[in-house]
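Source file: input11.txt; contents: compact mmCIF, C-alpha atoms and all ligand atoms.
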# COMPACT_ATOMS: atom_id res chain seq x y z
CA MET H 476 19.74 -76.72 52.92
CA LEU H 477 18.16 -73.82 54.79
CA GLU H 478 19.40 -72.85 58.23
CA PHE H 479 16.74 -71.49 60.56
CA SER H 480 17.67 -68.62 62.86
CA LEU H 481 15.88 -68.57 66.22
CA THR H 482 14.50 -65.39 67.78
CA PRO H 483 12.94 -66.60 71.03
CA ALA H 484 9.62 -65.12 72.09
CA THR H 485 10.25 -62.34 74.62
CA SER H 486 6.93 -62.94 76.32
CA PRO H 487 6.04 -66.62 75.95
CA ARG H 488 2.85 -67.77 77.64
CA PRO H 489 3.50 -68.46 81.35
CA GLU H 490 3.71 -72.13 82.25
CA SER H 491 0.44 -72.02 84.19
CA GLU H 492 -1.44 -70.61 81.18
CA ARG H 493 0.10 -73.19 78.87
CA ALA H 494 -0.86 -75.98 81.28
CA GLN H 495 -4.41 -74.71 81.35
CA ILE H 496 -4.62 -74.63 77.54
CA LEU H 497 -3.09 -78.12 77.27
CA SER H 498 -5.62 -79.51 79.75
CA SER H 499 -8.39 -78.79 77.22
CA PRO H 500 -6.96 -77.51 73.93
CA GLY H 501 -9.92 -78.13 71.62
CA PHE H 502 -8.87 -77.88 67.96
CA GLY H 503 -7.24 -74.94 66.16
CA LYS H 504 -8.04 -72.43 68.87
CA HIS H 505 -4.70 -71.85 70.56
CA PHE H 506 -1.29 -71.36 69.01
CA THR H 507 2.21 -71.89 70.35
CA ASP H 508 4.78 -69.17 71.13
CA HIS H 509 6.68 -69.42 67.84
CA MET H 510 6.20 -69.68 64.09
CA VAL H 511 8.40 -70.34 61.05
CA THR H 512 8.66 -67.99 58.09
CA VAL H 513 10.73 -68.38 54.92
CA THR H 514 10.65 -66.10 51.86
CA TRP H 515 11.05 -66.97 48.18
CA THR H 516 11.89 -64.66 45.30
CA PRO H 517 13.02 -65.57 41.79
CA ALA H 518 16.42 -63.92 42.38
CA ASP H 519 17.25 -65.43 45.77
CA GLY H 520 15.17 -68.62 45.88
CA TRP H 521 14.19 -69.72 49.41
CA HIS H 522 15.93 -67.52 51.98
CA ASP H 523 15.61 -65.78 55.34
CA ALA H 524 14.46 -68.89 57.24
CA GLN H 525 13.38 -67.94 60.72
CA VAL H 526 11.80 -69.33 63.86
CA LYS H 527 10.39 -66.25 65.55
CA PRO H 528 7.68 -65.18 67.99
CA TYR H 529 4.15 -66.10 66.86
CA GLY H 530 2.30 -63.03 65.64
CA PRO H 531 0.46 -61.25 62.82
CA ILE H 532 1.95 -61.19 59.34
CA GLN H 533 2.17 -57.82 57.63
CA LEU H 534 0.62 -58.06 54.19
CA ASP H 535 0.09 -55.42 51.51
CA PRO H 536 -3.62 -55.06 50.63
CA SER H 537 -2.71 -55.90 47.04
CA ALA H 538 -0.93 -59.15 48.03
CA ALA H 539 -1.84 -61.63 45.30
CA VAL H 540 -3.13 -64.31 47.67
CA LEU H 541 -5.94 -62.02 48.83
CA HIS H 542 -7.22 -61.67 45.27
CA TYR H 543 -6.29 -64.81 43.36
CA ALA H 544 -5.96 -67.38 46.16
CA GLN H 545 -2.51 -68.65 45.19
CA GLU H 546 -2.12 -70.67 48.41
CA ILE H 547 -1.49 -74.25 49.57
CA PHE H 548 -1.20 -75.93 52.96
CA GLU H 549 -0.45 -79.15 54.81
CA GLY H 550 -1.78 -80.71 58.00
CA MET H 551 0.23 -83.04 60.21
CA LYS H 552 0.77 -83.77 63.90
CA ALA H 553 3.59 -84.11 66.42
CA TYR H 554 3.01 -86.96 68.89
CA ARG H 555 4.69 -87.27 72.28
CA HIS H 556 5.67 -90.84 73.16
CA ALA H 557 5.76 -92.28 76.67
CA ASP H 558 9.53 -91.63 77.00
CA GLY H 559 9.04 -87.92 76.24
CA SER H 560 10.40 -88.03 72.68
CA ILE H 561 8.37 -86.27 69.95
CA TRP H 562 7.57 -87.81 66.57
CA ALA H 563 5.89 -87.09 63.24
CA PHE H 564 4.01 -89.69 61.17
CA ARG H 565 5.29 -90.06 57.57
CA PRO H 566 6.23 -86.36 57.25
CA ASP H 567 8.07 -87.18 54.00
CA GLN H 568 4.63 -87.82 52.49
CA ASN H 569 3.43 -84.36 53.54
CA ALA H 570 6.60 -82.80 52.12
CA ALA H 571 6.09 -84.60 48.80
CA ARG H 572 2.41 -83.68 48.61
CA PHE H 573 3.26 -80.06 49.42
CA GLN H 574 5.52 -80.08 46.35
CA ARG H 575 2.76 -81.56 44.17
CA SER H 576 0.30 -78.94 45.45
CA ALA H 577 2.88 -76.22 44.75
CA ARG H 578 3.28 -77.35 41.14
CA ARG H 579 -0.47 -77.27 40.57
CA LEU H 580 -0.80 -73.76 42.01
CA ALA H 581 2.29 -72.48 40.13
CA LEU H 582 4.11 -71.94 43.42
CA PRO H 583 7.83 -72.65 43.93
CA GLU H 584 8.58 -76.09 45.40
CA LEU H 585 10.11 -76.18 48.85
CA PRO H 586 12.77 -78.94 49.02
CA ALA H 587 11.57 -81.80 51.24
CA GLU H 588 14.57 -81.46 53.56
CA ASP H 589 13.73 -77.79 54.17
CA PHE H 590 10.07 -78.63 54.81
CA LEU H 591 11.13 -81.22 57.40
CA GLU H 592 13.70 -78.91 58.98
CA ALA H 593 11.08 -76.14 59.28
CA VAL H 594 8.74 -78.49 61.11
CA ARG H 595 11.55 -79.86 63.30
CA SER H 596 12.80 -76.37 64.21
CA LEU H 597 9.35 -75.17 65.25
CA VAL H 598 8.53 -78.28 67.30
CA SER H 599 11.91 -78.09 68.98
CA ALA H 600 11.32 -74.41 69.95
CA ASP H 601 7.80 -75.19 71.18
CA ALA H 602 8.39 -78.72 72.52
CA ASP H 603 6.66 -77.82 75.80
CA TRP H 604 3.47 -77.34 73.79
CA VAL H 605 3.30 -80.99 72.69
CA PRO H 606 0.73 -82.53 75.05
CA GLU H 607 1.45 -85.58 77.19
CA PRO H 608 0.03 -88.73 75.59
CA SER H 609 -1.66 -89.78 78.85
CA GLY H 610 -3.62 -92.51 77.09
CA GLY H 611 -5.60 -89.92 75.13
CA GLU H 612 -5.18 -88.65 71.61
CA ALA H 613 -3.67 -85.24 72.26
CA SER H 614 -1.04 -83.93 69.85
CA LEU H 615 0.47 -80.74 68.47
CA TYR H 616 -1.23 -80.02 65.13
CA LEU H 617 1.21 -78.55 62.59
CA ARG H 618 0.09 -76.32 59.77
CA PRO H 619 2.70 -75.58 57.07
CA PHE H 620 1.38 -73.19 54.39
CA MET H 621 2.62 -71.11 51.48
CA PHE H 622 1.06 -68.10 49.79
CA ALA H 623 1.62 -65.37 47.20
CA SER H 624 2.74 -62.35 49.25
CA GLU H 625 3.85 -60.19 46.32
CA ALA H 626 2.03 -56.86 46.16
CA PHE H 627 0.49 -56.59 42.70
CA LEU H 628 -2.82 -56.95 40.90
CA GLY H 629 -2.29 -58.99 37.79
CA VAL H 630 -2.85 -62.58 36.85
CA ARG H 631 0.49 -64.38 36.83
CA PRO H 632 2.37 -66.48 39.38
CA ALA H 633 3.59 -64.19 42.14
CA ALA H 634 7.28 -63.30 42.39
CA GLU H 635 7.33 -63.20 46.18
CA ILE H 636 6.13 -66.16 48.20
CA THR H 637 5.94 -66.67 51.95
CA PHE H 638 6.14 -70.08 53.61
CA CYS H 639 5.04 -70.41 57.24
CA VAL H 640 4.54 -73.12 59.83
CA ILE H 641 2.30 -72.58 62.83
CA ALA H 642 1.37 -75.07 65.54
CA SER H 643 -1.73 -75.60 67.63
CA PRO H 644 -2.22 -78.04 70.51
CA ALA H 645 -5.09 -80.42 69.78
CA GLY H 646 -7.14 -82.59 72.11
CA PRO H 647 -9.01 -85.69 71.02
CA TYR H 648 -11.13 -84.74 67.99
CA PHE H 649 -14.13 -86.36 69.67
CA ALA H 650 -14.28 -84.93 73.16
CA GLY H 651 -16.88 -87.42 74.36
CA GLY H 652 -15.36 -90.48 72.66
CA VAL H 653 -15.65 -91.56 69.02
CA LYS H 654 -19.14 -90.97 67.69
CA PRO H 655 -20.42 -91.78 64.18
CA VAL H 656 -21.00 -88.69 62.05
CA ARG H 657 -23.92 -87.83 59.78
CA ILE H 658 -23.00 -87.10 56.18
CA TRP H 659 -24.92 -84.85 53.81
CA LEU H 660 -24.74 -85.81 50.13
CA SER H 661 -24.26 -82.65 48.12
CA SER H 662 -26.29 -82.92 44.92
CA GLU H 663 -25.88 -79.29 43.92
CA TYR H 664 -22.20 -78.61 44.56
CA THR H 665 -19.00 -80.40 43.56
CA ARG H 666 -15.54 -79.78 45.03
CA SER H 667 -13.33 -80.96 42.23
CA ALA H 668 -13.43 -81.38 38.45
CA PRO H 669 -11.10 -83.14 36.02
CA GLY H 670 -8.17 -80.84 35.37
CA GLY H 671 -9.02 -78.76 38.45
CA THR H 672 -7.32 -78.46 41.81
CA GLY H 673 -9.05 -81.29 43.71
CA ALA H 674 -5.85 -83.28 44.22
CA ALA H 675 -3.97 -80.24 45.53
CA LYS H 676 -4.29 -79.20 49.15
CA CYS H 677 -5.26 -75.59 48.59
CA GLY H 678 -7.45 -73.16 50.49
CA GLY H 679 -9.54 -72.53 47.38
CA ASN H 680 -10.94 -76.07 47.49
CA TYR H 681 -12.11 -75.44 51.03
CA ALA H 682 -13.61 -72.05 50.18
CA ALA H 683 -15.61 -73.74 47.42
CA SER H 684 -16.88 -76.40 49.84
CA LEU H 685 -18.29 -74.05 52.47
CA ALA H 686 -21.70 -73.44 50.88
CA ALA H 687 -22.27 -77.21 50.87
CA GLN H 688 -21.02 -77.40 54.47
CA VAL H 689 -23.57 -74.76 55.49
CA GLU H 690 -26.27 -76.86 53.80
CA ALA H 691 -25.07 -79.92 55.74
CA ILE H 692 -25.27 -78.12 59.08
CA GLU H 693 -28.77 -76.86 58.22
CA ARG H 694 -29.76 -80.50 57.64
CA GLY H 695 -28.36 -81.58 61.00
CA CYS H 696 -25.31 -83.20 59.43
CA ASP H 697 -21.63 -82.91 60.32
CA GLN H 698 -19.86 -83.14 56.96
CA VAL H 699 -20.47 -83.22 53.22
CA CYS H 700 -19.85 -86.03 50.75
CA PHE H 701 -19.02 -84.87 47.24
CA LEU H 702 -19.67 -86.77 44.02
CA ASP H 703 -17.66 -86.56 40.80
CA ALA H 704 -18.37 -83.44 38.75
CA VAL H 705 -18.93 -85.18 35.39
CA GLU H 706 -21.50 -87.91 35.98
CA ARG H 707 -22.56 -86.85 39.49
CA LYS H 708 -22.55 -90.50 40.33
CA TRP H 709 -19.20 -91.61 41.76
CA VAL H 710 -18.35 -91.10 45.41
CA GLU H 711 -15.22 -89.00 45.80
CA GLU H 712 -14.61 -87.85 49.37
CA LEU H 713 -15.69 -85.54 52.16
CA GLY H 714 -14.60 -81.89 52.27
CA GLY H 715 -11.41 -82.85 54.10
CA MET H 716 -11.40 -86.63 54.57
CA ASN H 717 -11.16 -89.73 52.39
CA LEU H 718 -13.76 -92.51 52.55
CA TYR H 719 -13.67 -96.29 53.11
CA PHE H 720 -16.45 -98.89 52.73
CA VAL H 721 -16.34 -102.24 54.56
CA GLN H 722 -18.29 -105.02 52.81
CA ASP H 723 -19.91 -108.05 54.42
CA ASP H 724 -17.24 -110.36 52.90
CA GLY H 725 -14.47 -108.39 54.65
CA THR H 726 -13.35 -106.60 51.48
CA VAL H 727 -12.72 -102.92 52.00
CA VAL H 728 -13.30 -100.48 49.15
CA THR H 729 -11.96 -96.95 48.79
CA PRO H 730 -12.48 -94.66 45.79
CA GLU H 731 -9.52 -94.91 43.42
CA LEU H 732 -7.33 -91.86 42.84
CA THR H 733 -8.44 -90.29 39.58
CA GLY H 734 -6.88 -86.87 39.96
CA THR H 735 -9.95 -85.32 41.56
CA ILE H 736 -9.44 -86.82 45.02
CA LEU H 737 -6.93 -85.61 47.59
CA GLU H 738 -4.29 -88.27 48.22
CA GLY H 739 -4.54 -88.56 52.00
CA VAL H 740 -1.56 -89.83 53.95
CA THR H 741 -4.04 -91.49 56.31
CA ARG H 742 -5.84 -93.06 53.33
CA ASP H 743 -2.60 -94.51 52.03
CA SER H 744 -1.51 -95.77 55.47
CA ILE H 745 -4.85 -97.48 56.04
CA LEU H 746 -4.51 -99.39 52.76
CA THR H 747 -1.42 -101.00 54.28
CA LEU H 748 -2.88 -101.52 57.76
CA LEU H 749 -5.97 -103.23 56.31
CA ASP H 750 -3.79 -105.48 54.19
CA ASP H 751 -1.74 -106.39 57.30
CA ALA H 752 -4.99 -107.28 59.07
CA GLY H 753 -5.87 -109.72 56.28
CA HIS H 754 -8.48 -107.66 54.47
CA LYS H 755 -8.78 -107.58 50.71
CA VAL H 756 -8.57 -103.92 49.75
CA ASP H 757 -10.08 -102.63 46.53
CA GLU H 758 -9.27 -99.22 45.11
CA ARG H 759 -12.03 -98.70 42.58
CA ARG H 760 -14.93 -96.47 41.67
CA ILE H 761 -17.95 -96.78 43.95
CA SER H 762 -21.26 -95.20 42.97
CA ILE H 763 -23.67 -93.45 45.28
CA ASP H 764 -26.26 -96.12 44.37
CA GLU H 765 -23.89 -98.86 45.52
CA TRP H 766 -23.40 -97.04 48.82
CA ARG H 767 -27.12 -96.39 49.37
CA GLU H 768 -28.27 -99.87 48.37
CA GLY H 769 -25.36 -101.62 50.07
CA ALA H 770 -25.98 -99.86 53.37
CA ALA H 771 -29.69 -100.67 53.15
CA SER H 772 -29.16 -104.36 52.29
CA GLY H 773 -26.27 -104.93 54.70
CA ARG H 774 -23.78 -105.61 51.89
CA ILE H 775 -21.92 -102.54 53.19
CA ARG H 776 -21.38 -103.05 56.91
CA GLU H 777 -19.30 -100.02 57.81
CA VAL H 778 -18.28 -96.70 56.31
CA PHE H 779 -15.54 -94.56 57.74
CA ALA H 780 -13.74 -91.34 56.86
CA CYS H 781 -10.06 -90.70 57.50
CA GLY H 782 -7.66 -87.79 57.75
CA THR H 783 -4.92 -86.48 60.02
CA ALA H 784 -7.14 -84.29 62.20
CA ALA H 785 -9.86 -86.80 63.13
CA VAL H 786 -7.80 -89.96 62.36
CA VAL H 787 -10.64 -92.40 61.57
CA THR H 788 -14.27 -91.32 61.89
CA PRO H 789 -17.19 -93.72 61.62
CA VAL H 790 -20.03 -92.64 59.31
CA GLY H 791 -23.41 -93.56 60.76
CA LEU H 792 -25.80 -91.94 58.32
CA LEU H 793 -26.07 -90.74 54.72
CA ALA H 794 -28.62 -87.94 54.32
CA GLU H 795 -30.03 -86.82 50.96
CA PRO H 796 -32.79 -84.40 49.99
CA ASP H 797 -35.30 -87.26 49.74
CA GLY H 798 -34.27 -89.66 52.43
CA GLU H 799 -31.73 -91.07 54.83
CA THR H 800 -29.77 -94.32 54.91
CA VAL H 801 -28.45 -95.64 58.22
CA ILE H 802 -25.10 -97.45 57.99
CA GLY H 803 -24.21 -100.34 60.29
CA GLY H 804 -27.05 -99.55 62.68
CA GLY H 805 -25.55 -96.09 63.19
CA GLU H 806 -22.83 -97.59 65.40
CA THR H 807 -19.04 -97.74 65.13
CA GLY H 808 -18.17 -101.03 63.43
CA PRO H 809 -15.37 -103.42 64.43
CA VAL H 810 -13.16 -102.82 61.37
CA THR H 811 -13.42 -99.05 61.84
CA ALA H 812 -12.53 -99.38 65.52
CA SER H 813 -9.56 -101.66 64.93
CA VAL H 814 -8.08 -99.59 62.08
CA ARG H 815 -8.40 -96.53 64.26
CA ALA H 816 -6.65 -98.24 67.18
CA ALA H 817 -3.89 -99.65 64.96
CA LEU H 818 -3.11 -96.23 63.53
CA LEU H 819 -3.09 -94.50 66.93
CA ASP H 820 -0.91 -97.24 68.47
CA LEU H 821 1.68 -96.64 65.74
CA GLN H 822 1.54 -92.86 66.02
CA TYR H 823 1.92 -92.87 69.82
CA GLY H 824 4.72 -95.45 69.76
CA ARG H 825 2.66 -98.20 71.39
CA SER H 826 3.25 -100.69 68.57
CA ALA H 827 6.30 -101.64 66.51
CA ASP H 828 7.04 -99.29 63.62
CA ASP H 829 8.06 -101.98 61.13
CA ARG H 830 7.89 -99.69 58.11
CA GLY H 831 9.86 -96.78 59.49
CA TRP H 832 6.84 -94.47 59.23
CA MET H 833 7.68 -92.57 62.40
CA HIS H 834 10.20 -89.74 62.18
CA ARG H 835 11.74 -88.40 65.38
CA LEU H 836 11.56 -84.60 65.73
CA VAL H 837 12.80 -84.04 69.28
C1 LIG H 901 -6.05 -83.12 53.94
C2 LIG H 901 -7.17 -83.74 53.24
C3 LIG H 901 -7.49 -85.10 53.40
C4 LIG H 901 -6.79 -86.01 54.37
O1 LIG H 901 -5.42 -86.12 54.15
P1 LIG H 901 -4.45 -86.68 55.28
O2 LIG H 901 -3.11 -86.59 54.65
O3 LIG H 901 -4.88 -88.04 55.58
O4 LIG H 901 -4.61 -85.77 56.45
C5 LIG H 901 -8.53 -85.62 52.63
N1 LIG H 901 -9.24 -84.86 51.78
C6 LIG H 901 -8.97 -83.54 51.62
C7 LIG H 901 -9.79 -82.75 50.67
C8 LIG H 901 -7.93 -82.95 52.34
O5 LIG H 901 -7.68 -81.64 52.19

Since I need it in another form, could you write the structure as structure tokens?
Amino acid sequence: MLEFSLTPATSPRPESERAQILSSPGFGKHFTDHMVTVTWTPADGWHDAQVKPYGPIQLDPSAAVLHYAQEIFEGMKAYRHADGSIWAFRPDQNAARFQRSARRLALPELPAEDFLEAVRSLVSADADWVPEPSGGEASLYLRPFMFASEAFLGVRPAAEITFCVIASPAGPYFAGGVKPVRIWLSSEYTRSAPGGTGAAKCGGNYAASLAAQVEAIERGCDQVCFLDAVERKWVEELGGMNLYFVQDDGTVVTPELTGTILEGVTRDSILTLLDDAGHKVDERRISIDEWREGAASGRIREVFACGTAAVVTPVGLLAEPDGETVIGGGETGPVTASVRAALLDLQYGRSADDRGWMHRLV
């Protein structure tokens, strides 16, 4: 197992500045005083594990990642509980997914215990940056990532890889309270094809989704829904969130995992929480016609999206080139609201963690 050396920041942000940032952190705008780096080479494997001052990474202009996008990442959060302790939610799932993403991108796998220790070491060095719970939804967002840092131009898996973890304090995703989002249905672009990288959490998937995201913004929408690449008929997911559909009989449907959808930790957790709440949960294919017609007829009462960053987000509208469909009167539905609350209660230690999903960091 890796041992992380600690080089404390010589000029950490003064307490007053940190307090000011934590009072209104936004999302992904501010970073803590430290970062983790670990290097991999074929000869030495993973080595040189460090927690060191946050700062720029020196990269050769020929570094493979800049040309061939051999890169993966994770997204998770550290939550402060009322007694001051700091916890992660199912970090073993992020560690396992990081390994699956690595295999798909021909990157070396980081052992799960080293992934967890990297996260723990950083949060412990920057514990003061984990916001107080104070009834809100503030957390420290953690971003582990790995990329091809070898300097060479040539198409083969790189022989030098850098793993990093950085951390960014995050306020509630919805500053003015939870508000249903408007979704643009991308008919031109897809994000994922059979045999492609859709199930891996890699930057390339996001790069490929940006043109559709621009289109969404131009149409007054917040996010994009992508369909399958073969039939252009089956609902897959948003650019960075999985989808759920609540039917009028209480059954909740989510698109089944077919290898082209990212396996969200939130998605998986919600399957369990819905089952606990007595809902029938169906993992199956759902077509865009079923969504459109169901929302119009009332057969589909609620739609919500889920992911670590925004937790659970109600979807109020589906916009397409030739029309719009309002979902659930454009309001947040009761199932969406209760799943959201159940998840947050667990993450902030306000409800019993019967499944051992919470993992203490500090
Ligand atoms: C990260 C991500 C999600 C959500 O995953 P969580 O583990 O719930 O945060 C969903 N879809 C895509 C494409 C993602 O990259």

Tell me, counting all atoms listed in the file, for each residue of region 519-592 of chain H within 12 Å of region 481-487 of chain H, which pair of atoms is nearest and how far apart they are in Å to one decimal, in rows ordered by chain and increasing number, as a tab-separated table.
residue	atom	partner	partner_atom	distance
H:Asp523	CA	H:Leu481	CA	11.2
H:Ala524	CA	H:Leu481	CA	9.1
H:Gln525	CA	H:Leu481	CA	6.1
H:Val526	CA	H:Leu481	CA	4.8
H:Lys527	CA	H:Thr482	CA	4.8
H:Pro528	CA	H:Ala484	CA	4.5
H:Tyr529	CA	H:Ala484	CA	7.6
H:Gly530	CA	H:Ala484	CA	10.0

Just write the chosen residues, C-alpha atoms, as a PDB file, keeping the file's coordinate frame.
ATOM      1  CA  ASP H 523      15.610 -65.780  55.340  1.00  0.00           C
ATOM      2  CA  ALA H 524      14.460 -68.890  57.240  1.00  0.00           C
ATOM      3  CA  GLN H 525      13.380 -67.940  60.720  1.00  0.00           C
ATOM      4  CA  VAL H 526      11.800 -69.330  63.860  1.00  0.00           C
ATOM      5  CA  LYS H 527      10.390 -66.250  65.550  1.00  0.00           C
ATOM      6  CA  PRO H 528       7.680 -65.180  67.990  1.00  0.00           C
ATOM      7  CA  TYR H 529       4.150 -66.100  66.860  1.00  0.00           C
ATOM      8  CA  GLY H 530       2.300 -63.030  65.640  1.00  0.00           C
TER       9      GLY H 530
END

For this session: Name the residues within 10 Å of (-23.5, -89.2, 59.7), counting only C-alpha atoms in the file's coordinates, and put them as a PyMOL selection string.
Result: chain H and resi 654-659+695-699+778-779+788-794+799-802+805

For this session: Quick one: everything within 12 Å of Glu635 (chain H), counting all atoms listed in the file, minus sequence neighbours fewer than 3 positions away in the same chain. Send it as an MDAnalysis selection string.
Result: chainID H and resid 513:522 534:535 538:540 545 582:583 621:627 631:632 638

Exercise. Which residues come within 10 Å of Glu738 (chain H), counting only C-alpha atoms, excluding same-chain residues fewer than 3 positions away, as a PyMOL selection string?
Worked result: chain H and resi 568+572+673-676+716-717+731-735+741-743

Problem set entry | Option closest in space to ligand LIG 901 (chain H), from H:Ala587, H:Ala682, H:Val689, H:Val786 [counting only C-alpha atoms and all ligand atoms] | H:Val786
